[in-house]
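Q: final12.csv (CSV, C-alpha atoms) pasted underneath:
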chain,number,residue,atom,x,y,z
A,9,MET,CA,-40.8,-10.5,-13.1
A,10,SER,CA,-42.5,-8.2,-10.5
A,11,ASP,CA,-40.8,-5.0,-9.5
A,12,HIS,CA,-40.2,-6.4,-6.0
A,13,ALA,CA,-38.7,-9.6,-7.4
A,14,HIS,CA,-36.5,-7.6,-9.8
A,15,ALA,CA,-35.2,-5.4,-7.0
A,16,ALA,CA,-34.5,-8.5,-4.9
A,17,ALA,CA,-32.7,-10.1,-7.8
A,18,GLN,CA,-30.6,-6.9,-8.3
A,19,HIS,CA,-29.7,-6.8,-4.6
A,20,LEU,CA,-28.9,-10.5,-4.3
A,21,GLU,CA,-26.2,-10.7,-7.0
A,22,THR,CA,-24.3,-12.8,-4.4
A,23,SER,CA,-25.9,-15.0,-1.8
A,24,THR,CA,-25.2,-12.4,0.9
A,25,GLY,CA,-25.9,-9.4,-1.2
A,26,LEU,CA,-22.3,-8.3,-0.5
A,27,ASP,CA,-19.2,-8.4,-2.6
A,28,SER,CA,-17.5,-11.7,-2.1
A,29,ARG,CA,-14.0,-10.3,-2.4
A,30,LYS,CA,-14.7,-7.9,0.5
A,31,LEU,CA,-16.2,-10.6,2.6
A,32,ALA,CA,-13.2,-12.8,1.8
A,33,ILE,CA,-10.7,-10.1,3.0
A,34,TRP,CA,-12.7,-9.6,6.2
A,35,THR,CA,-12.7,-13.4,6.8
A,36,PHE,CA,-8.9,-13.4,6.3
A,37,ILE,CA,-8.5,-10.5,8.7
A,38,GLY,CA,-10.6,-12.4,11.3
A,39,SER,CA,-8.3,-15.4,10.9
A,40,GLU,CA,-5.3,-13.1,11.3
A,41,CYS,CA,-6.7,-11.8,14.6
A,42,LEU,CA,-6.3,-15.4,15.9
A,43,PHE,CA,-2.8,-15.7,14.4
A,44,PHE,CA,-1.5,-12.5,16.1
A,45,ALA,CA,-3.4,-13.4,19.4
A,46,THR,CA,-1.2,-16.6,19.6
A,47,LEU,CA,2.0,-14.6,19.0
A,48,ILE,CA,1.0,-11.8,21.5
A,49,SER,CA,0.1,-14.5,24.1
A,50,ASN,CA,3.4,-16.2,23.5
A,51,TYR,CA,5.3,-12.9,24.0
A,52,LEU,CA,3.3,-12.0,27.2
A,53,VAL,CA,3.9,-15.5,28.7
A,54,HIS,CA,7.6,-15.6,27.9
A,55,LYS,CA,8.7,-11.9,28.2
A,56,GLN,CA,9.6,-12.4,31.9
A,57,THR,CA,11.2,-15.8,31.3
A,58,TRP,CA,14.9,-16.3,30.7
A,59,LEU,CA,15.8,-19.9,31.1
A,60,THR,CA,19.2,-19.3,29.5
A,61,GLY,CA,21.1,-16.1,28.5
A,62,PRO,CA,20.6,-12.5,29.8
A,63,GLY,CA,17.9,-11.7,32.3
A,64,PRO,CA,15.6,-8.7,32.3
A,65,PHE,CA,17.0,-7.6,29.0
A,66,PRO,CA,16.5,-5.3,26.9
A,67,HIS,CA,14.1,-3.2,29.0
A,68,GLU,CA,16.4,-2.9,32.0
A,69,GLU,CA,20.1,-2.7,32.7
A,70,TRP,CA,21.4,-6.1,33.8
A,71,VAL,CA,24.7,-7.7,35.0
A,72,SER,CA,25.0,-11.4,34.5
A,73,PRO,CA,26.5,-13.7,37.2
A,74,ALA,CA,29.7,-13.8,35.1
A,75,GLY,CA,29.9,-10.0,35.3
A,76,GLN,CA,28.8,-9.3,31.7
A,77,HIS,CA,27.0,-5.9,31.5
A,78,PHE,CA,23.9,-5.4,29.4
A,79,GLU,CA,22.5,-2.0,28.6
A,80,PRO,CA,18.7,-1.4,28.1
A,81,ILE,CA,18.4,-1.2,24.3
A,82,ILE,CA,14.8,-0.5,23.5
A,83,GLU,CA,14.6,2.9,21.7
A,84,ILE,CA,11.2,4.4,22.4
A,85,PRO,CA,11.6,7.6,20.3
A,86,LEU,CA,12.5,5.7,17.1
A,87,VAL,CA,9.6,3.2,17.6
A,88,THR,CA,7.2,6.1,18.4
A,89,LEU,CA,8.1,7.8,15.1
A,90,GLY,CA,7.5,4.5,13.3
A,91,THR,CA,4.2,4.1,15.1
A,92,ALA,CA,3.1,7.7,14.2
A,93,LEU,CA,4.0,7.1,10.5
A,94,LEU,CA,2.1,3.8,10.4
A,95,LEU,CA,-1.0,5.7,11.9
A,96,PHE,CA,-0.5,8.5,9.3
A,97,SER,CA,-0.3,5.9,6.5
A,98,SER,CA,-3.7,4.6,7.5
A,99,LEU,CA,-5.0,8.2,7.1
A,100,PHE,CA,-3.2,8.5,3.8
A,101,VAL,CA,-4.7,5.3,2.4
A,102,VAL,CA,-8.3,6.3,3.2
A,103,LEU,CA,-7.6,9.6,1.5
A,104,ALA,CA,-6.2,7.7,-1.5
A,105,LEU,CA,-9.4,5.6,-1.6
A,106,ALA,CA,-11.6,8.6,-1.4
A,107,ASN,CA,-9.8,10.1,-4.4
A,108,ALA,CA,-10.0,6.8,-6.3
A,109,GLN,CA,-13.8,6.7,-5.7
A,110,ARG,CA,-14.1,10.3,-6.9
A,111,GLY,CA,-12.0,9.5,-10.0
A,112,ASN,CA,-9.2,12.0,-9.0
A,113,ARG,CA,-6.1,10.1,-10.3
A,114,ASN,CA,-3.6,12.7,-9.1
A,115,GLY,CA,-5.0,12.6,-5.6
A,116,LEU,CA,-5.0,8.9,-5.6
A,117,LEU,CA,-1.3,8.7,-6.8
A,118,LEU,CA,-0.2,11.3,-4.2
A,119,TRP,CA,-1.9,9.7,-1.1
A,120,LEU,CA,-1.1,6.2,-2.2
A,121,GLY,CA,2.6,7.2,-2.7
A,122,MET,CA,2.6,8.8,0.7
A,123,THR,CA,1.2,5.6,2.2
A,124,ILE,CA,4.0,3.5,0.5
A,125,MET,CA,6.7,5.9,1.8
A,126,CYS,CA,5.4,5.6,5.4
A,127,GLY,CA,5.3,1.8,5.0
A,128,LEU,CA,8.9,1.8,3.7
A,129,PHE,CA,10.0,4.0,6.6
A,130,PHE,CA,8.4,1.6,9.1
A,131,VAL,CA,10.1,-1.5,7.5
A,132,GLY,CA,13.4,0.4,7.5
A,133,MET,CA,12.9,1.3,11.1
A,134,GLN,CA,12.4,-2.3,12.0
A,135,VAL,CA,15.4,-3.5,10.0
A,136,TYR,CA,17.5,-0.9,11.8
A,137,GLU,CA,16.1,-1.9,15.2
A,138,PHE,CA,16.7,-5.7,14.6
A,139,THR,CA,20.2,-5.0,13.4
A,140,HIS,CA,20.9,-2.8,16.5
A,141,PHE,CA,19.5,-5.5,18.8
A,142,VAL,CA,21.6,-8.2,17.3
A,143,HIS,CA,24.7,-6.1,17.6
A,144,LYS,CA,23.9,-5.5,21.3
A,145,GLY,CA,23.6,-9.2,21.9
A,146,LEU,CA,19.8,-9.9,21.6
A,147,THR,CA,19.1,-12.6,19.0
A,148,LEU,CA,16.4,-15.2,18.6
A,149,LYS,CA,18.6,-17.6,20.6
A,150,THR,CA,19.6,-15.2,23.5
A,151,ASN,CA,16.6,-15.9,25.7
A,152,LEU,CA,12.9,-16.5,25.6
A,153,PHE,CA,12.2,-12.8,25.5
A,154,GLY,CA,14.4,-12.6,22.3
A,155,ALA,CA,12.7,-15.5,20.7
A,156,SER,CA,9.1,-14.3,21.3
A,157,PHE,CA,10.0,-10.7,20.6
A,158,PHE,CA,11.6,-11.4,17.2
A,159,THR,CA,8.8,-13.8,16.2
A,160,LEU,CA,6.0,-11.3,17.1
A,161,THR,CA,7.5,-8.2,15.6
A,162,GLY,CA,9.1,-10.1,12.7
A,163,PHE,CA,5.8,-11.5,11.6
A,164,HIS,CA,4.2,-8.1,11.8
A,165,GLY,CA,7.1,-6.6,9.8
A,166,THR,CA,6.6,-9.3,7.2
A,167,HIS,CA,2.9,-8.3,7.0
A,168,VAL,CA,3.9,-4.7,6.5
A,169,THR,CA,6.4,-5.6,3.8
A,170,LEU,CA,3.7,-7.6,1.9
A,171,GLY,CA,1.3,-4.7,2.3
A,172,VAL,CA,3.9,-2.3,0.9
A,173,ILE,CA,4.4,-4.6,-2.1
A,174,TRP,CA,0.7,-4.9,-2.6
A,175,LEU,CA,0.3,-1.0,-2.5
A,176,ILE,CA,3.2,-0.5,-4.9
A,177,THR,CA,1.5,-2.8,-7.5
A,178,LEU,CA,-1.7,-0.8,-7.1
A,179,TRP,CA,0.2,2.5,-7.5
A,180,ILE,CA,1.7,1.2,-10.7
A,181,GLU,CA,-1.9,0.2,-11.8
A,182,ALA,CA,-3.1,3.7,-10.9
A,183,VAL,CA,-0.2,5.3,-13.0
A,184,ARG,CA,-1.4,3.3,-15.9
A,185,GLY,CA,-5.0,4.5,-15.3
A,186,ARG,CA,-6.3,1.0,-14.4
A,187,ILE,CA,-8.0,2.0,-11.2
A,188,PRO,CA,-11.1,3.9,-12.3
A,189,PRO,CA,-13.9,4.6,-9.7
A,190,ALA,CA,-15.7,1.4,-10.7
A,191,LYS,CA,-12.6,-0.6,-9.7
A,192,SER,CA,-11.9,1.3,-6.5
A,193,LEU,CA,-12.8,-1.9,-4.5
A,194,ASN,CA,-9.4,-3.3,-5.5
A,195,LEU,CA,-7.8,-0.5,-3.5
A,196,GLU,CA,-10.4,-0.7,-0.7
A,197,ILE,CA,-9.5,-4.4,-0.1
A,198,ALA,CA,-5.8,-3.6,0.0
A,199,ALA,CA,-6.6,-0.7,2.4
A,200,LEU,CA,-8.5,-3.0,4.7
A,201,TYR,CA,-5.4,-5.2,4.9
A,202,TRP,CA,-3.2,-2.2,5.6
A,203,HIS,CA,-5.5,-0.9,8.3
A,204,PHE,CA,-5.4,-4.3,10.0
A,205,VAL,CA,-1.6,-4.2,10.0
A,206,ASP,CA,-1.9,-0.8,11.6
A,207,VAL,CA,-4.4,-2.0,14.3
A,208,VAL,CA,-2.1,-4.9,15.2
A,209,TRP,CA,0.7,-2.5,15.7
A,210,ILE,CA,-1.6,-0.3,17.9
A,211,VAL,CA,-1.7,-3.4,20.2
A,212,ILE,CA,2.0,-4.4,19.8
A,213,PHE,CA,3.4,-1.0,20.5
A,214,PRO,CA,2.2,-0.5,24.1
A,215,VAL,CA,2.4,-4.2,25.0
A,216,VAL,CA,6.0,-4.7,23.8
A,217,TYR,CA,7.6,-1.3,24.1
A,218,LEU,CA,5.8,0.6,26.8
A,219,ILE,CA,4.7,-2.0,29.3
A,220,LYS,CA,7.7,-3.5,31.1
B,15,MET,CA,-29.5,4.5,-17.8
B,16,ASP,CA,-30.8,1.0,-18.4
B,17,ALA,CA,-33.1,0.1,-15.5
B,18,HIS,CA,-32.3,-3.6,-15.9
B,19,ALA,CA,-28.5,-3.2,-15.9
B,20,PRO,CA,-26.8,-5.2,-13.1
B,21,PRO,CA,-25.6,-2.9,-10.3
B,22,THR,CA,-21.9,-2.4,-9.8
B,23,PRO,CA,-20.6,-3.5,-6.4
B,24,ALA,CA,-20.1,0.2,-5.7
B,25,ALA,CA,-23.9,0.7,-6.1
B,26,HIS,CA,-24.4,-1.2,-2.8
B,27,GLU,CA,-21.6,0.6,-1.0
B,28,PRO,CA,-22.8,2.9,1.9
B,29,GLU,CA,-21.5,6.5,2.0
B,30,HIS,CA,-18.0,6.7,3.5
B,31,PRO,CA,-17.0,9.6,5.8
B,32,SER,CA,-15.6,12.8,4.3
B,33,ALA,CA,-11.9,13.6,4.1
B,34,VAL,CA,-12.4,16.1,7.0
B,35,VAL,CA,-13.7,13.3,9.2
B,36,TYR,CA,-10.7,11.1,8.3
B,37,VAL,CA,-8.3,13.9,9.1
B,38,LYS,CA,-10.0,14.6,12.5
B,39,ILE,CA,-9.7,10.9,13.4
B,40,GLY,CA,-6.0,11.0,12.3
B,41,VAL,CA,-5.4,13.9,14.7
B,42,VAL,CA,-7.1,12.0,17.6
B,43,LEU,CA,-5.0,8.9,16.9
B,44,PHE,CA,-1.8,11.0,16.9
B,45,VAL,CA,-2.8,12.7,20.2
B,46,LEU,CA,-3.6,9.4,21.8
B,47,THR,CA,-0.2,8.0,20.7
B,48,ALA,CA,1.5,11.1,22.1
B,49,LEU,CA,-0.4,10.6,25.4
B,50,GLU,CA,0.7,7.0,25.6
B,51,VAL,CA,4.4,7.9,25.2
B,52,GLY,CA,4.0,10.9,27.5
B,53,LEU,CA,2.4,8.6,30.2
B,54,TYR,CA,5.4,6.2,29.8
B,55,GLU,CA,7.9,9.1,30.1
B,56,PHE,CA,6.3,10.5,33.2
B,57,THR,CA,5.9,7.0,34.8
B,58,TYR,CA,9.0,5.1,33.9
B,59,GLY,CA,11.0,7.2,31.4
B,60,GLY,CA,13.5,10.1,31.7
B,61,HIS,CA,10.9,12.5,33.1
B,62,ALA,CA,9.6,10.2,35.9
B,63,GLY,CA,9.9,12.2,39.1
B,64,ALA,CA,8.4,11.6,42.5
B,65,GLY,CA,4.9,11.4,40.8
B,66,GLY,CA,6.1,8.5,38.6
B,67,ALA,CA,5.5,6.0,41.4
B,68,ALA,CA,2.0,7.3,42.0
B,69,LEU,CA,1.2,6.8,38.3
B,70,GLN,CA,2.4,3.2,38.2
B,71,PRO,CA,-0.8,1.5,39.4
B,72,PHE,CA,-2.8,3.3,36.6
B,73,PHE,CA,-0.2,2.9,33.9
B,74,VAL,CA,-1.2,-0.4,32.3
B,75,PRO,CA,-5.0,0.0,32.5
B,76,VAL,CA,-4.8,3.6,31.1
B,77,LEU,CA,-2.4,2.5,28.3
B,78,LEU,CA,-4.7,-0.4,27.4
B,79,LEU,CA,-7.7,1.8,27.3
B,80,MET,CA,-6.0,4.3,25.0
B,81,SER,CA,-4.9,1.5,22.8
B,82,ALA,CA,-8.4,0.1,22.7
B,83,ALA,CA,-9.8,3.5,21.7
B,84,LYS,CA,-7.3,3.8,18.9
B,85,PHE,CA,-8.1,0.3,17.7
B,86,ALA,CA,-11.9,1.1,17.7
B,87,LEU,CA,-11.4,4.4,15.9
B,88,VAL,CA,-9.4,2.8,13.0
B,89,ALA,CA,-11.8,-0.1,12.8
B,90,MET,CA,-15.0,2.0,12.8
B,91,PHE,CA,-13.9,4.9,10.6
B,92,TYR,CA,-10.9,3.9,8.5
B,93,MET,CA,-12.1,0.3,8.0
B,94,HIS,CA,-15.7,1.6,7.6
B,95,LEU,CA,-17.3,-0.9,10.0
B,96,LYS,CA,-19.5,2.0,11.3
B,97,GLN,CA,-21.1,2.3,7.8
B,98,ASP,CA,-20.7,-1.1,6.2
B,99,ASN,CA,-22.9,-4.1,6.5
B,100,ARG,CA,-23.1,-5.7,10.0
B,101,LEU,CA,-21.9,-9.0,8.6
B,102,PHE,CA,-18.4,-7.6,8.2
B,103,THR,CA,-18.4,-6.5,11.8
B,104,GLY,CA,-19.5,-10.0,12.9
B,105,VAL,CA,-16.8,-11.7,10.8
B,106,PHE,CA,-14.2,-9.4,12.4
B,107,VAL,CA,-15.4,-9.1,16.0
B,108,PHE,CA,-16.2,-12.8,16.6
B,109,PRO,CA,-12.5,-13.9,16.1
B,110,LEU,CA,-11.4,-10.8,18.0
B,111,ILE,CA,-13.4,-11.9,21.0
B,112,ILE,CA,-11.9,-15.4,20.8
B,113,ALA,CA,-8.4,-13.8,20.4
B,114,THR,CA,-8.9,-11.7,23.5
B,115,VAL,CA,-10.1,-14.6,25.5
B,116,ILE,CA,-7.0,-16.7,24.4
B,117,ILE,CA,-4.7,-13.9,25.5
B,118,LEU,CA,-6.4,-13.4,28.9
B,119,ALA,CA,-6.7,-17.1,29.5
B,120,LEU,CA,-3.0,-17.7,28.9
B,121,ILE,CA,-2.0,-14.7,31.1
B,122,VAL,CA,-4.1,-16.1,34.0
B,123,LEU,CA,-2.8,-19.6,33.5
B,124,GLU,CA,0.8,-18.4,33.5
B,125,ALA,CA,0.2,-16.2,36.6
B,126,TYR,CA,-1.3,-19.2,38.3
B,127,HIS,CA,1.6,-21.4,37.2
B,128,PHE,CA,4.2,-18.9,38.6
B,129,ALA,CA,2.2,-18.5,41.9
B,130,PHE,CA,2.0,-22.3,42.3
B,131,ALA,CA,5.8,-22.7,41.5
B,132,ARG,CA,6.7,-20.1,44.1
B,133,SER,CA,4.5,-21.5,46.8
B,134,GLY,CA,6.1,-24.9,46.1
As a first step, turn the structure in this file into structure tokens.
A:
Amino acid sequence: MSDHAHAAAQHLETSTGLDSRKLAIWTFIGSECLFFATLISNYLVHKQTWLTGPGPFPHEEWVSPAGQHFEPIIEIPLVTLGTALLLFSSLFVVLALANAQRGNRNGLLLWLGMTIMCGLFFVGMQVYEFTHFVHKGLTLKTNLFGASFFTLTGFHGTHVTLGVIWLITLWIEAVRGRIPPAKSLNLEIAALYWHFVDVVWIVIFPVVYLIK
Amino acid sequence: MDAHAPPTPAAHEPEHPSAVVYVKIGVVLFVLTALEVGLYEFTYGGHAGAGGAALQPFFVPVLLLMSAAKFALVAMFYMHLKQDNRLFTGVFVFPLIIATVIILALIVLEAYHFAFARSG
């Protein structure tokens, strides 16, 4: 085999010359873009619509024709904190990946642990928010805003929860010394998923919480 | 090293940014988020004064621009699209364009529907 043919054979270990697992996660992320686009469109179309139940709620104070009083219940400071922590978790996971690629196990465990903590806080924030909303009268059945809001943010929260579980399994693997630099791609794939969950929230946060 | 040994997947990986670059991007993301919330506070929130009404026409476009900037920074630097193979960018950006078109089309359709319903 000539040098050129040998070099080509080395480069084309897959038909694309790229790792198939990485291409698969990017394809999955591409399909997830369409999934969240439908949920965001659904929210935008229905957020000003209330065929039954309370009206412009929960962004604004509202009194129903029957005299029932509804307070605005969106808590911007709490959600901003959750957003900031999700952004920081994206930073932490790339730092964990950089440490994994350098073979620094302690750095990997530290930054991956911090990422998991941020993810857990975000999930906790969302559980608190949902419980608070239900107690204030906003449920899936209250109005179209409630239905589209809980569907959109609930699916995102489910993605965060799955990401946290994935990262915890990788942290346990790292504790056992099973993520050497040669296997850092396992963490990179999980990190790509985690960053995607973050960029989806970057869109959801202003669209749902800041734009009335 | 054996010259005929098959390369590991990492051998084809381009150089990723340094930790310093990651931290700088993190600071920019944090500042942009603070600006988003600040803009909300001074336009509609507790600190909205007389200038709040003047900011309202710019609120949504500026917020969407900042959101797009954050999205692009995470995708380019944290997801390594700036350094990685262009095929990954294509696999991500093509559905993203379709997703954006779907959202815009439904908003326009709904706005038209409401305008039509109001005019009778």
Q: Residues of chain A that have any atom at most 8 Å from an atom of chain B: could you tabulate them with the shortest-distance atom pair and the distance in Å to one decimal, using only C-alpha atoms, ordered by chain and increasing number, as a Markdown table?
A:
| residue | atom | partner | partner_atom | distance |
| --- | --- | --- | --- | --- |
| A:Gln18 | CA | B:Pro20 | CA | 6.4 |
| A:His19 | CA | B:His26 | CA | 7.9 |
| A:Leu26 | CA | B:His26 | CA | 7.8 |
| A:Asp27 | CA | B:Pro23 | CA | 6.4 |
| A:Leu31 | CA | B:Phe102 | CA | 6.7 |
| A:Trp34 | CA | B:Phe102 | CA | 6.4 |
| A:Thr35 | CA | B:Val105 | CA | 6.0 |
| A:Ile37 | CA | B:Phe106 | CA | 6.9 |
| A:Gly38 | CA | B:Phe106 | CA | 4.8 |
| A:Ser39 | CA | B:Pro109 | CA | 6.9 |
| A:Cys41 | CA | B:Leu110 | CA | 5.9 |
| A:Leu42 | CA | B:Ala113 | CA | 5.2 |
| A:Ala45 | CA | B:Ala113 | CA | 5.1 |
| A:Thr46 | CA | B:Ile117 | CA | 7.4 |
| A:Ile48 | CA | B:Ile117 | CA | 7.3 |
| A:Ser49 | CA | B:Ile117 | CA | 5.0 |
| A:Leu52 | CA | B:Ile121 | CA | 7.1 |
| A:Val53 | CA | B:Glu124 | CA | 6.4 |
| A:Thr88 | CA | B:Val51 | CA | 7.6 |
| A:Ala92 | CA | B:Phe44 | CA | 6.5 |
| A:Leu95 | CA | B:Leu43 | CA | 7.2 |
| A:Phe96 | CA | B:Gly40 | CA | 6.7 |
| A:Ser98 | CA | B:Tyr92 | CA | 7.3 |
| A:Leu99 | CA | B:Gly40 | CA | 6.0 |
| A:Val102 | CA | B:Tyr92 | CA | 6.4 |
| A:Leu103 | CA | B:Ala33 | CA | 6.4 |
| A:Ala106 | CA | B:Ala33 | CA | 7.4 |
| A:Ala190 | CA | B:Ala24 | CA | 6.8 |
| A:Leu193 | CA | B:Ala24 | CA | 7.7 |
| A:Ala199 | CA | B:Met93 | CA | 7.9 |
| A:Leu200 | CA | B:Met93 | CA | 5.9 |
| A:His203 | CA | B:Met93 | CA | 6.7 |
| A:Val207 | CA | B:Phe85 | CA | 5.5 |
| A:Ile210 | CA | B:Ser81 | CA | 6.2 |
| A:Val211 | CA | B:Ser81 | CA | 6.4 |
| A:Pro214 | CA | B:Leu77 | CA | 6.9 |
| A:Leu218 | CA | B:Tyr54 | CA | 6.4 |
| A:Ile219 | CA | B:Val74 | CA | 6.8 |
Q: Provide the CA of Ala108 (chain A) to CA of Leu120 (chain A) distance in Å, to one decimal place.
A: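 CA of Ala108 (chain A) sits 9.8 Å away from CA of Leu120 (chain A).
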Q: One decimal, Å: what's the distance from CA of Ile187 (chain A) over to CA of Met122 (chain A), could you say?
A: 17.3 Å
Q: I need every residue sitting at most 12 Å from the point (-2.6, -8.2, 1.0) (coordinates as in the file, all atoms listed in the file considered), written as a ChimeraX atom specification.
A: /A:32-34,36-37,40,166-178,194-205
Q: Given the selection you just returned, output its residues as a file containing C-alpha atoms, formatted as a CSV table (one decimal), in the frame of the given file.
A:
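Result file again.csv:
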chain,number,residue,atom,x,y,z
A,32,ALA,CA,-13.2,-12.8,1.8
A,33,ILE,CA,-10.7,-10.1,3.0
A,34,TRP,CA,-12.7,-9.6,6.2
A,36,PHE,CA,-8.9,-13.4,6.3
A,37,ILE,CA,-8.5,-10.5,8.7
A,40,GLU,CA,-5.3,-13.1,11.3
A,166,THR,CA,6.6,-9.3,7.2
A,167,HIS,CA,2.9,-8.3,7.0
A,168,VAL,CA,3.9,-4.7,6.5
A,169,THR,CA,6.4,-5.6,3.8
A,170,LEU,CA,3.7,-7.6,1.9
A,171,GLY,CA,1.3,-4.7,2.3
A,172,VAL,CA,3.9,-2.3,0.9
A,173,ILE,CA,4.4,-4.6,-2.1
A,174,TRP,CA,0.7,-4.9,-2.6
A,175,LEU,CA,0.3,-1.0,-2.5
A,176,ILE,CA,3.2,-0.5,-4.9
A,177,THR,CA,1.5,-2.8,-7.5
A,178,LEU,CA,-1.7,-0.8,-7.1
A,194,ASN,CA,-9.4,-3.3,-5.5
A,195,LEU,CA,-7.8,-0.5,-3.5
A,196,GLU,CA,-10.4,-0.7,-0.7
A,197,ILE,CA,-9.5,-4.4,-0.1
A,198,ALA,CA,-5.8,-3.6,0.0
A,199,ALA,CA,-6.6,-0.7,2.4
A,200,LEU,CA,-8.5,-3.0,4.7
A,201,TYR,CA,-5.4,-5.2,4.9
A,202,TRP,CA,-3.2,-2.2,5.6
A,203,HIS,CA,-5.5,-0.9,8.3
A,204,PHE,CA,-5.4,-4.3,10.0
A,205,VAL,CA,-1.6,-4.2,10.0
Q: Which residue, A:Thr139, A:Met133, A:Gln109, A:Tyr51, has the smallest gap to Ile84 (chain A) when you use all atoms listed in the file?
A: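 Counting all atoms listed in the file, the residue closest to Ile84 (chain A) is A:Met133.
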Q: So, counting only C-alpha atoms, which residue among A:Leu86, A:Gly154, A:Ile180, A:Arg186 is closest to Glu137 (chain A)?
A: A:Leu86
Q: Could you tell me how far CA of Val208 (chain A) lies from CA of Gly162 (chain A), in Å and to one decimal?
A: 12.6 Å
Q: Could you name the residues that touch Val131 (chain A) at 7 Å or less, counting all atoms listed in the file, but leaving out those on the same chain fewer than 4 positions away, as a ChimeraX atom specification?
A: /A:127,135,165,169
Q: Which residue is closest to Thr159 (chain A)? Choose from A:Trp179, A:Phe44, A:Phe213, A:Phe141 and count only C-alpha atoms.
A: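 For Thr159 (chain A), the nearest of the candidates is A:Phe44.
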Q: When distances are computed from all atoms listed in the file, which of B:Val42, B:Phe56, B:His127, B:Val35 shows the smallest separation from Leu69 (chain B)?
A: B:Phe56
Q: Choose the residue, out of A:Val87, A:Phe157, A:Thr24, A:Asn50, that has the smallest atom-to-atom separation from Tyr136 (chain A); count all atoms listed in the file.
A: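 The closest residue to Tyr136 (chain A) is A:Val87.
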Q: Quick one: residues within 8 Å of Leu93 (chain A), all atoms listed in the file, excluding same-chain residues fewer than 2 positions away - as a list in words?
A: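 Selected residues are Leu89, Gly90, Thr91, Leu95, Phe96, Ser97, Cys126, Gly127, Phe129 and Phe130 of chain A.
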